[in-house]
file structure29.pdb (PDB, C-alpha atoms)
ATOM      1  CA  MET A   1      78.850-128.319  78.031
ATOM      2  CA  GLY A   2      77.163-127.688  81.325
ATOM      3  CA  ALA A   3      76.904-129.145  84.783
ATOM      4  CA  PRO A   4      74.570-132.083  85.440
ATOM      5  CA  LYS A   5      70.911-131.169  85.975
ATOM      6  CA  ILE A   6      69.566-132.909  89.080
ATOM      7  CA  HIS A   7      65.894-132.670  90.041
ATOM      8  CA  PRO A   8      65.387-131.454  93.630
ATOM      9  CA  HIS A   9      63.458-134.650  94.461
ATOM     10  CA  ALA A  10      66.362-136.920  93.426
ATOM     11  CA  ILE A  11      68.847-138.360  95.925
ATOM     12  CA  VAL A  12      72.309-138.332  94.373
ATOM     13  CA  GLU A  13      75.140-139.502  96.638
ATOM     14  CA  THR A  14      77.885-139.649  93.991
ATOM     15  CA  SER A  15      79.741-136.704  92.534
ATOM     16  CA  ASP A  16      81.034-138.749  89.580
ATOM     17  CA  ILE A  17      78.489-137.479  87.034
ATOM     18  CA  GLY A  18      79.414-136.072  83.638
ATOM     19  CA  ASP A  19      78.369-132.796  82.058
ATOM     20  CA  ASP A  20      74.892-132.382  80.581
ATOM     21  CA  THR A  21      73.506-135.467  82.336
ATOM     22  CA  ARG A  22      69.896-135.088  83.470
ATOM     23  CA  ILE A  23      68.651-136.877  86.583
ATOM     24  CA  TRP A  24      64.904-136.675  87.099
ATOM     25  CA  ALA A  25      62.614-136.908  90.142
ATOM     26  CA  PHE A  26      62.611-139.824  92.569
ATOM     27  CA  VAL A  27      65.937-141.190  91.344
ATOM     28  CA  HIS A  28      68.376-142.557  93.943
ATOM     29  CA  ILE A  29      72.039-142.931  92.947
ATOM     30  CA  LEU A  30      74.436-144.336  95.562
ATOM     31  CA  GLU A  31      77.945-143.150  96.314
ATOM     32  CA  GLY A  32      80.485-144.890  94.100
ATOM     33  CA  ALA A  33      78.301-145.012  90.980
ATOM     34  CA  LYS A  34      79.906-143.486  87.882
ATOM     35  CA  ILE A  35      77.711-141.803  85.267
ATOM     36  CA  GLY A  36      79.027-140.267  82.062
ATOM     37  CA  SER A  37      78.102-137.131  80.133
ATOM     38  CA  GLY A  38      74.894-136.517  78.233
ATOM     39  CA  CYS A  39      72.899-139.224  80.025
ATOM     40  CA  ASN A  40      69.193-139.133  80.802
ATOM     41  CA  ILE A  41      68.200-140.976  83.999
ATOM     42  CA  CYS A  42      64.394-140.804  84.098
ATOM     43  CA  ASP A  43      61.979-140.830  87.066
ATOM     44  CA  HIS A  44      61.888-143.638  89.632
ATOM     45  CA  CYS A  45      65.278-145.224  88.924
ATOM     46  CA  TYR A  46      67.863-146.631  91.346
ATOM     47  CA  VAL A  47      71.603-147.004  90.695
ATOM     48  CA  GLU A  48      73.805-148.945  93.148
ATOM     49  CA  TYR A  49      77.362-148.092  94.161
ATOM     50  CA  ASP A  50      79.399-150.330  91.837
ATOM     51  CA  VAL A  51      77.695-149.331  88.591
ATOM     52  CA  THR A  52      79.365-147.651  85.628
ATOM     53  CA  ILE A  53      77.203-145.882  83.057
ATOM     54  CA  GLY A  54      78.919-144.461  79.961
ATOM     55  CA  ASN A  55      78.130-141.354  77.926
ATOM     56  CA  ASN A  56      74.829-140.601  76.172
ATOM     57  CA  VAL A  57      72.944-143.421  77.906
ATOM     58  CA  THR A  58      69.160-143.296  78.270
ATOM     59  CA  VAL A  59      67.719-145.048  81.327
ATOM     60  CA  LYS A  60      63.924-144.794  81.063
ATOM     61  CA  CYS A  61      61.560-144.804  84.065
ATOM     62  CA  GLY A  62      61.392-147.584  86.634
ATOM     63  CA  ILE A  63      64.808-149.233  86.238
ATOM     64  CA  TYR A  64      66.956-150.485  89.135
ATOM     65  CA  ILE A  65      70.594-151.090  88.214
ATOM     66  CA  TRP A  66      72.398-153.334  90.690
ATOM     67  CA  GLU A  67      76.066-153.461  91.629
ATOM     68  CA  ASN A  68      78.651-154.927  89.244
ATOM     69  CA  THR A  69      76.856-153.639  86.151
ATOM     70  CA  VAL A  70      78.650-151.862  83.296
ATOM     71  CA  ILE A  71      76.654-149.948  80.703
ATOM     72  CA  GLU A  72      78.778-148.558  77.873
ATOM     73  CA  ASP A  73      78.191-145.432  75.740
ATOM     74  CA  ASP A  74      75.025-144.795  73.693
ATOM     75  CA  VAL A  75      72.921-147.550  75.312
ATOM     76  CA  PHE A  76      69.119-147.276  75.449
ATOM     77  CA  LEU A  77      67.203-149.027  78.251
ATOM     78  CA  GLY A  78      63.426-148.937  77.776
ATOM     79  CA  PRO A  79      60.934-148.377  80.591
ATOM     80  CA  ASN A  80      60.926-150.947  83.394
ATOM     81  CA  VAL A  81      63.875-153.027  82.185
ATOM     82  CA  VAL A  82      64.713-155.415  85.020
ATOM     83  CA  PHE A  83      68.286-156.252  85.971
ATOM     84  CA  THR A  84      68.841-159.290  88.192
ATOM     85  CA  ASN A  85      72.075-159.997  90.026
ATOM     86  CA  ASN A  86      71.626-163.230  91.943
ATOM     87  CA  PRO A  87      70.734-166.506  90.206
ATOM     88  CA  ARG A  88      69.685-168.193  93.496
ATOM     89  CA  PRO A  89      68.375-165.473  95.817
ATOM     90  CA  ARG A  90      67.678-166.138  99.494
ATOM     91  CA  SER A  91      66.877-163.613 102.168
ATOM     92  CA  LYS A  92      69.936-162.436 104.120
ATOM     93  CA  GLN A  93      72.365-164.495 102.020
ATOM     94  CA  TYR A  94      74.770-162.214 100.200
ATOM     95  CA  ILE A  95      76.964-163.365  97.337
ATOM     96  CA  ASN A  96      79.451-161.816  94.957
ATOM     97  CA  HIS A  97      77.171-160.565  92.243
ATOM     98  CA  LEU A  98      77.723-161.583  88.650
ATOM     99  CA  LYS A  99      78.985-158.904  86.247
ATOM    100  CA  THR A 100      76.362-157.723  83.774
ATOM    101  CA  HIS A 101      77.697-155.843  80.739
ATOM    102  CA  ILE A 102      75.678-153.871  78.193
ATOM    103  CA  LYS A 103      77.990-152.872  75.345
ATOM    104  CA  GLU A 104      78.112-149.729  73.214
ATOM    105  CA  GLY A 105      74.987-148.802  71.280
ATOM    106  CA  ALA A 106      72.816-151.687  72.505
ATOM    107  CA  SER A 107      69.067-151.198  73.013
ATOM    108  CA  VAL A 108      66.898-153.169  75.416
ATOM    109  CA  GLY A 109      63.125-152.898  74.982
ATOM    110  CA  ALA A 110      60.579-152.047  77.661
ATOM    111  CA  ASN A 111      59.816-154.640  80.344
ATOM    112  CA  SER A 112      62.728-156.900  79.381
ATOM    113  CA  THR A 113      64.508-158.895  82.091
ATOM    114  CA  ILE A 114      68.291-159.397  82.042
ATOM    115  CA  LEU A 115      69.790-162.312  83.959
ATOM    116  CA  GLY A 116      72.816-161.343  86.048
ATOM    117  CA  GLY A 117      76.119-162.191  84.367
ATOM    118  CA  VAL A 118      74.854-161.683  80.812
ATOM    119  CA  THR A 119      76.673-159.572  78.211
ATOM    120  CA  ILE A 120      74.621-157.803  75.560
ATOM    121  CA  GLY A 121      76.820-157.061  72.551
ATOM    122  CA  ARG A 122      77.555-153.873  70.640
ATOM    123  CA  TYR A 123      74.520-152.447  68.813
ATOM    124  CA  ALA A 124      72.436-155.503  69.710
ATOM    125  CA  MET A 125      68.709-154.988  70.097
ATOM    126  CA  ALA A 126      66.350-156.823  72.434
ATOM    127  CA  GLY A 127      62.639-156.492  71.715
ATOM    128  CA  MET A 128      60.191-155.455  74.410
ATOM    129  CA  GLY A 129      59.380-158.041  77.031
ATOM    130  CA  SER A 130      62.444-160.161  76.249
ATOM    131  CA  ILE A 131      63.779-162.532  78.903
ATOM    132  CA  ILE A 132      67.540-162.390  78.292
ATOM    133  CA  THR A 133      69.151-165.462  79.874
ATOM    134  CA  ARG A 134      72.335-165.764  77.795
ATOM    135  CA  ASP A 135      74.888-163.537  76.084
ATOM    136  CA  VAL A 136      73.703-161.630  73.014
ATOM    137  CA  PRO A 137      76.150-161.268  70.077
ATOM    138  CA  ASP A 138      77.124-157.896  68.588
ATOM    139  CA  TYR A 139      74.417-156.549  66.218
ATOM    140  CA  ALA A 140      71.993-159.404  67.048
ATOM    141  CA  LEU A 141      68.235-158.894  67.174
ATOM    142  CA  VAL A 142      66.725-160.977  69.982
ATOM    143  CA  TYR A 143      63.266-161.256  71.491
ATOM    144  CA  GLY A 144      60.935-163.660  73.233
ATOM    145  CA  ASN A 145      60.860-165.770  76.394
ATOM    146  CA  PRO A 146      63.581-166.844  76.536
ATOM    147  CA  ALA A 147      65.067-164.338  74.092
ATOM    148  CA  LYS A 148      66.364-165.964  70.923
ATOM    149  CA  GLN A 149      68.179-164.455  67.992
ATOM    150  CA  LYS A 150      65.801-163.620  65.137
ATOM    151  CA  GLY A 151      68.137-161.622  62.893
ATOM    152  CA  TRP A 152      70.768-158.915  62.691
ATOM    153  CA  VAL A 153      70.497-155.106  62.907
ATOM    154  CA  ASP A 154      72.725-152.162  62.050
ATOM    155  CA  GLU A 155      73.680-149.199  64.247
ATOM    156  CA  GLU A 156      70.295-147.543  63.575
ATOM    157  CA  GLY A 157      68.328-150.719  64.362
ATOM    158  CA  ASN A 158      67.486-151.537  60.724
ATOM    159  CA  GLY A 159      67.257-155.199  59.775
ATOM    160  CA  LEU A 160      70.119-156.642  57.713
ATOM    161  CA  THR A 161      69.790-158.821  54.616
ATOM    162  CA  ALA A 162      71.960-161.874  53.908
ATOM    163  CA  GLN A 163      74.130-161.711  50.795
ATOM    164  CA  PRO A 164      75.298-164.664  48.640
ATOM    165  CA  ASP A 165      78.920-164.127  49.753
ATOM    166  CA  GLY A 166      77.972-164.679  53.426
ATOM    167  CA  THR A 167      78.008-161.004  54.374
ATOM    168  CA  TRP A 168      75.056-158.945  55.608
ATOM    169  CA  ILE A 169      73.955-155.580  54.190
ATOM    170  CA  SER A 170      71.986-152.731  55.742
ATOM    171  CA  PRO A 171      69.362-150.656  53.880
ATOM    172  CA  ASN A 172      71.940-147.852  53.544
ATOM    173  CA  GLY A 173      74.505-150.182  51.920
ATOM    174  CA  ASN A 174      76.816-150.867  54.858
ATOM    175  CA  ILE A 175      78.284-154.375  54.816
ATOM    176  CA  TYR A 176      78.868-156.558  57.884
ATOM    177  CA  ILE A 177      80.759-159.828  58.302
ATOM    178  CA  GLU A 178      80.161-162.562  60.863
ATOM    179  CA  THR A 179      82.741-163.132  63.581
ATOM    180  CA  SER A 180      82.822-165.258  66.710
ATOM    181  CA  ASN A 181      81.338-162.280  68.630
ATOM    182  CA  GLY A 182      78.517-161.554  66.173
ATOM    183  CA  LEU A 183      78.809-159.091  63.299
ATOM    184  CA  THR A 184      81.385-156.427  62.608
ATOM    185  CA  PRO A 185      81.359-153.686  59.944
ATOM    186  CA  LYS A 186      83.433-154.588  56.894
ATOM    187  CA  SER A 187      86.369-152.184  56.577
TER
END

call {"tool": "encode", "arguments": {"input": "structure29.pdb", "output": "structure tokens"}}
result
Amino acid sequence: MGAPKIHPHAIVETSDIGDDTRIWAFVHILEGAKIGSGCNICDHCYVEYDVTIGNNVTVKCGIYIWENTVIEDDVFLGPNVVFTNNPRPRSKQYINHLKTHIKEGASVGANSTILGGVTIGRYAMAGMGSIITRDVPDYALVYGNPAKQKGWVDEEGNGLTAQPDGTWISPNGNIYIETSNGLTPKS
């Protein structure tokens, strides 16, 4: 493991960055942000002070992550994903921002917009250009405007197939059961 690699044209005001994280050019990270190990923060990104980013997260180019956002381990955010944090914005009116939570292993496609206060579940996948206005269950596949659930995916993003017993199966044979939070692997 090695120290973080920070491009000389990045502005990084926090020291809370894990080993082997790469921060590219024209990135601005404010003091108080927490970034885990093995992350890749690509060009032209902005991370506010009350943001937590887990380990092995990819933040592609052109993403601004606002305060009160939690991004867990192994999340992928495609280019130009838009986070919002104020449902009724007005100039010079500041509110307590809603908590946005992207759970472990989730992927959000390029140019998607995430409404402040939304939770995207574990290993969920949002297709490119999705407008995510409500919580997304674990392992759900969503897309569209507004994003709607179109199916289920496994940890690799493969579509799942319904079984007669009510379970779901992946192409590699893993079985998932429905819960109130989405799917969970059958033990």

call {"tool": "closest_residue", "arguments": {"input": "structure29.pdb", "among": "A:Val81, A:Ala124, A:Val142, A:Ile175", "to": "Glu155 (chain A)", "atoms": "all atoms listed in the file"}}
result
A:Ala124

call {"tool": "atom_distance", "arguments": {"input": "structure29.pdb", "atom1": "CA of Cys42 (chain A)", "atom2": "CA of Asn96 (chain A)"}}
result
28.0 Å

call {"tool": "resolve_selection", "arguments": {"input": "structure29.pdb", "expression": "the PyMOL selection byres ((chain A and resi 11) around 9)", "output": "list in words"}}
result
Ile6, His7, Pro8, His9, Ala10, Val12, Glu13, Ala25, Phe26, Val27, His28, Ile29 and Leu30 of chain A

call {"tool": "write_last_selection", "arguments": {"input": "structure29.pdb", "atoms": "C-alpha atoms", "output": "compact mmCIF listing (two decimals), in the coordinates of the input"}}
result
# COMPACT_ATOMS: atom_id res chain seq x y z
CA ILE A 6 69.57 -132.91 89.08
CA HIS A 7 65.89 -132.67 90.04
CA PRO A 8 65.39 -131.45 93.63
CA HIS A 9 63.46 -134.65 94.46
CA ALA A 10 66.36 -136.92 93.43
CA VAL A 12 72.31 -138.33 94.37
CA GLU A 13 75.14 -139.50 96.64
CA ALA A 25 62.61 -136.91 90.14
CA PHE A 26 62.61 -139.82 92.57
CA VAL A 27 65.94 -141.19 91.34
CA HIS A 28 68.38 -142.56 93.94
CA ILE A 29 72.04 -142.93 92.95
CA LEU A 30 74.44 -144.34 95.56

call {"tool": "atom_distance", "arguments": {"input": "structure29.pdb", "atom1": "CA of Ala33 (chain A)", "atom2": "CA of Asp19 (chain A)"}}
result
15.1 Å

call {"tool": "atom_distance", "arguments": {"input": "structure29.pdb", "atom1": "CA of Thr100 (chain A)", "atom2": "CA of Gly36 (chain A)"}}
result
17.7 Å

call {"tool": "closest_residue", "arguments": {"input": "structure29.pdb", "among": "A:Asp165, A:Glu156, A:Asp20, A:Asp43", "to": "Asn56 (chain A)", "atoms": "all atoms listed in the file"}}
result
A:Asp20

call {"tool": "resolve_selection", "arguments": {"input": "structure29.pdb", "expression": "the PyMOL selection byres ((chain A and resi 137) around 12)", "output": "compact mmCIF listing (two decimals) with C-alpha atoms, in the frame of the given file"}}
result
# COMPACT_ATOMS: atom_id res chain seq x y z
CA ILE A 102 75.68 -153.87 78.19
CA LYS A 103 77.99 -152.87 75.34
CA ALA A 106 72.82 -151.69 72.50
CA VAL A 118 74.85 -161.68 80.81
CA THR A 119 76.67 -159.57 78.21
CA ILE A 120 74.62 -157.80 75.56
CA GLY A 121 76.82 -157.06 72.55
CA ARG A 122 77.56 -153.87 70.64
CA TYR A 123 74.52 -152.45 68.81
CA ALA A 124 72.44 -155.50 69.71
CA MET A 125 68.71 -154.99 70.10
CA ALA A 126 66.35 -156.82 72.43
CA ILE A 132 67.54 -162.39 78.29
CA ARG A 134 72.33 -165.76 77.80
CA ASP A 135 74.89 -163.54 76.08
CA VAL A 136 73.70 -161.63 73.01
CA ASP A 138 77.12 -157.90 68.59
CA TYR A 139 74.42 -156.55 66.22
CA ALA A 140 71.99 -159.40 67.05
CA LEU A 141 68.24 -158.89 67.17
CA VAL A 142 66.72 -160.98 69.98
CA LYS A 148 66.36 -165.96 70.92
CA GLN A 149 68.18 -164.46 67.99
CA LYS A 150 65.80 -163.62 65.14
CA GLY A 151 68.14 -161.62 62.89
CA TRP A 152 70.77 -158.92 62.69
CA VAL A 153 70.50 -155.11 62.91
CA GLU A 178 80.16 -162.56 60.86
CA THR A 179 82.74 -163.13 63.58
CA SER A 180 82.82 -165.26 66.71
CA ASN A 181 81.34 -162.28 68.63
CA GLY A 182 78.52 -161.55 66.17
CA LEU A 183 78.81 -159.09 63.30
CA THR A 184 81.39 -156.43 62.61

call {"tool": "decode", "arguments": {"input": "structure29.pdb", "residues": "region 54-182 of chain A", "atoms": "C-alpha atoms", "output": "JSON list (two decimals), in the first residue's frame"}}
result
[["chain", "number", "residue", "atom", "x", "y", "z"],
["A", 54, "GLY", "CA", -15.55, 4.58, 1.21],
["A", 55, "ASN", "CA", -12.84, 2.33, -0.21],
["A", 56, "ASN", "CA", -12.38, 1.42, -3.88],
["A", 57, "VAL", "CA", -14.84, 4.06, -5.13],
["A", 58, "THR", "CA", -14.62, 5.40, -8.68],
["A", 59, "VAL", "CA", -15.80, 8.98, -9.19],
["A", 60, "LYS", "CA", -15.56, 9.71, -12.92],
["A", 61, "CYS", "CA", -15.02, 13.19, -14.40],
["A", 62, "GLY", "CA", -17.31, 16.15, -13.77],
["A", 63, "ILE", "CA", -19.03, 15.14, -10.52],
["A", 64, "TYR", "CA", -19.77, 17.52, -7.63],
["A", 65, "ILE", "CA", -20.56, 15.77, -4.35],
["A", 66, "TRP", "CA", -22.35, 18.02, -1.86],
["A", 67, "GLU", "CA", -22.34, 17.95, 1.92],
["A", 68, "ASN", "CA", -24.22, 15.24, 3.84],
["A", 69, "THR", "CA", -23.48, 12.57, 1.23],
["A", 70, "VAL", "CA", -22.25, 9.08, 2.13],
["A", 71, "ILE", "CA", -20.80, 6.83, -0.55],
["A", 72, "GLU", "CA", -19.95, 3.34, 0.68],
["A", 73, "ASP", "CA", -17.24, 0.94, -0.57],
["A", 74, "ASP", "CA", -16.95, -0.26, -4.19],
["A", 75, "VAL", "CA", -19.36, 2.31, -5.68],
["A", 76, "PHE", "CA", -19.03, 3.42, -9.31],
["A", 77, "LEU", "CA", -20.25, 6.89, -10.35],
["A", 78, "GLY", "CA", -20.21, 7.44, -14.11],
["A", 79, "PRO", "CA", -19.15, 10.68, -15.79],
["A", 80, "ASN", "CA", -21.18, 13.78, -14.95],
["A", 81, "VAL", "CA", -23.47, 12.20, -12.35],
["A", 82, "VAL", "CA", -25.33, 15.07, -10.69],
["A", 83, "PHE", "CA", -26.02, 15.15, -6.96],
["A", 84, "THR", "CA", -28.62, 17.63, -5.72],
["A", 85, "ASN", "CA", -29.02, 18.62, -2.09],
["A", 86, "ASN", "CA", -31.86, 21.11, -1.88],
["A", 87, "PRO", "CA", -35.39, 20.27, -3.08],
["A", 88, "ARG", "CA", -36.46, 23.96, -3.15],
["A", 89, "PRO", "CA", -33.36, 26.04, -3.90],
["A", 90, "ARG", "CA", -33.37, 29.83, -3.56],
["A", 91, "SER", "CA", -30.40, 32.15, -3.72],
["A", 92, "LYS", "CA", -28.93, 32.97, -0.30],
["A", 93, "GLN", "CA", -31.34, 30.68, 1.56],
["A", 94, "TYR", "CA", -29.44, 27.92, 3.30],
["A", 95, "ILE", "CA", -31.09, 24.81, 4.70],
["A", 96, "ASN", "CA", -30.01, 21.62, 6.40],
["A", 97, "HIS", "CA", -29.23, 19.45, 3.43],
["A", 98, "LEU", "CA", -30.87, 16.07, 3.05],
["A", 99, "LYS", "CA", -28.67, 12.99, 3.52],
["A", 100, "THR", "CA", -27.92, 11.15, 0.29],
["A", 101, "HIS", "CA", -26.61, 7.60, 0.69],
["A", 102, "ILE", "CA", -25.10, 5.39, -2.01],
["A", 103, "LYS", "CA", -24.63, 1.89, -0.58],
["A", 104, "GLU", "CA", -21.92, -0.70, -1.15],
["A", 105, "GLY", "CA", -21.32, -1.85, -4.71],
["A", 106, "ALA", "CA", -23.92, 0.39, -6.36],
["A", 107, "SER", "CA", -23.32, 1.80, -9.86],
["A", 108, "VAL", "CA", -24.82, 4.99, -11.23],
["A", 109, "GLY", "CA", -24.60, 5.55, -14.99],
["A", 110, "ALA", "CA", -23.27, 8.63, -16.76],
["A", 111, "ASN", "CA", -25.35, 11.82, -16.68],
["A", 112, "SER", "CA", -27.76, 10.51, -14.05],
["A", 113, "THR", "CA", -29.27, 12.94, -11.53],
["A", 114, "ILE", "CA", -29.80, 11.97, -7.88],
["A", 115, "LEU", "CA", -32.35, 13.88, -5.81],
["A", 116, "GLY", "CA", -31.05, 14.88, -2.38],
["A", 117, "GLY", "CA", -32.21, 12.55, 0.39],
["A", 118, "VAL", "CA", -32.32, 9.43, -1.80],
["A", 119, "THR", "CA", -30.72, 6.11, -0.82],
["A", 120, "ILE", "CA", -29.42, 3.85, -3.57],
["A", 121, "GLY", "CA", -29.24, 0.28, -2.28],
["A", 122, "ARG", "CA", -26.44, -2.28, -2.21],
["A", 123, "TYR", "CA", -25.34, -3.44, -5.67],
["A", 124, "ALA", "CA", -28.17, -1.50, -7.32],
["A", 125, "MET", "CA", -27.56, -0.22, -10.83],
["A", 126, "ALA", "CA", -28.94, 2.94, -12.41],
["A", 127, "GLY", "CA", -28.71, 3.20, -16.19],
["A", 128, "MET", "CA", -27.19, 6.23, -17.87],
["A", 129, "GLY", "CA", -29.27, 9.38, -17.85],
["A", 130, "SER", "CA", -31.52, 8.18, -15.02],
["A", 131, "ILE", "CA", -33.40, 10.74, -12.94],
["A", 132, "ILE", "CA", -33.40, 9.13, -9.48],
["A", 133, "THR", "CA", -36.16, 10.72, -7.39],
["A", 134, "ARG", "CA", -36.85, 7.95, -4.86],
["A", 135, "ASP", "CA", -34.98, 5.26, -2.95],
["A", 136, "VAL", "CA", -33.63, 2.34, -4.98],
["A", 137, "PRO", "CA", -33.81, -1.16, -3.42],
["A", 138, "ASP", "CA", -30.76, -3.42, -3.01],
["A", 139, "TYR", "CA", -29.83, -5.17, -6.30],
["A", 140, "ALA", "CA", -32.47, -3.24, -8.30],
["A", 141, "LEU", "CA", -31.92, -2.20, -11.91],
["A", 142, "VAL", "CA", -33.46, 1.23, -12.54],
["A", 143, "TYR", "CA", -33.44, 3.64, -15.45],
["A", 144, "GLY", "CA", -35.48, 6.33, -17.14],
["A", 145, "ASN", "CA", -37.01, 9.70, -16.29],
["A", 146, "PRO", "CA", -38.06, 9.29, -13.59],
["A", 147, "ALA", "CA", -36.04, 6.15, -12.91],
["A", 148, "LYS", "CA", -38.20, 3.07, -12.44],
["A", 149, "GLN", "CA", -37.25, -0.45, -11.53],
["A", 150, "LYS", "CA", -36.91, -2.66, -14.61],
["A", 151, "GLY", "CA", -35.35, -5.76, -13.03],
["A", 152, "TRP", "CA", -32.75, -7.12, -10.66],
["A", 153, "VAL", "CA", -28.96, -7.50, -11.01],
["A", 154, "ASP", "CA", -26.23, -9.41, -9.21],
["A", 155, "GLU", "CA", -22.93, -8.10, -7.82],
["A", 156, "GLU", "CA", -21.39, -8.11, -11.33],
["A", 157, "GLY", "CA", -24.36, -6.29, -12.89],
["A", 158, "ASN", "CA", -25.80, -9.37, -14.64],
["A", 159, "GLY", "CA", -29.57, -9.58, -14.97],
["A", 160, "LEU", "CA", -31.38, -12.06, -12.70],
["A", 161, "THR", "CA", -34.06, -14.53, -13.75],
["A", 162, "ALA", "CA", -37.21, -15.26, -11.73],
["A", 163, "GLN", "CA", -37.62, -18.82, -10.48],
["A", 164, "PRO", "CA", -40.91, -20.67, -9.81],
["A", 165, "ASP", "CA", -40.22, -20.68, -6.05],
["A", 166, "GLY", "CA", -40.11, -16.85, -5.96],
["A", 167, "THR", "CA", -36.33, -16.59, -5.82],
["A", 168, "TRP", "CA", -34.06, -14.98, -8.41],
["A", 169, "ILE", "CA", -30.98, -16.61, -9.98],
["A", 170, "SER", "CA", -27.89, -15.10, -11.58],
["A", 171, "PRO", "CA", -26.15, -16.51, -14.68],
["A", 172, "ASN", "CA", -23.47, -18.00, -12.40],
["A", 173, "GLY", "CA", -26.07, -19.83, -10.27],
["A", 174, "ASN", "CA", -26.25, -17.55, -7.24],
["A", 175, "ILE", "CA", -29.72, -17.39, -5.70],
["A", 176, "TYR", "CA", -31.34, -14.26, -4.23],
["A", 177, "ILE", "CA", -34.50, -13.81, -2.17],
["A", 178, "GLU", "CA", -36.74, -10.75, -1.96],
["A", 179, "THR", "CA", -36.84, -8.77, 1.27],
["A", 180, "SER", "CA", -38.39, -5.47, 2.27],
["A", 181, "ASN", "CA", -35.10, -3.76, 1.23],
["A", 182, "GLY", "CA", -34.80, -5.45, -2.17]]
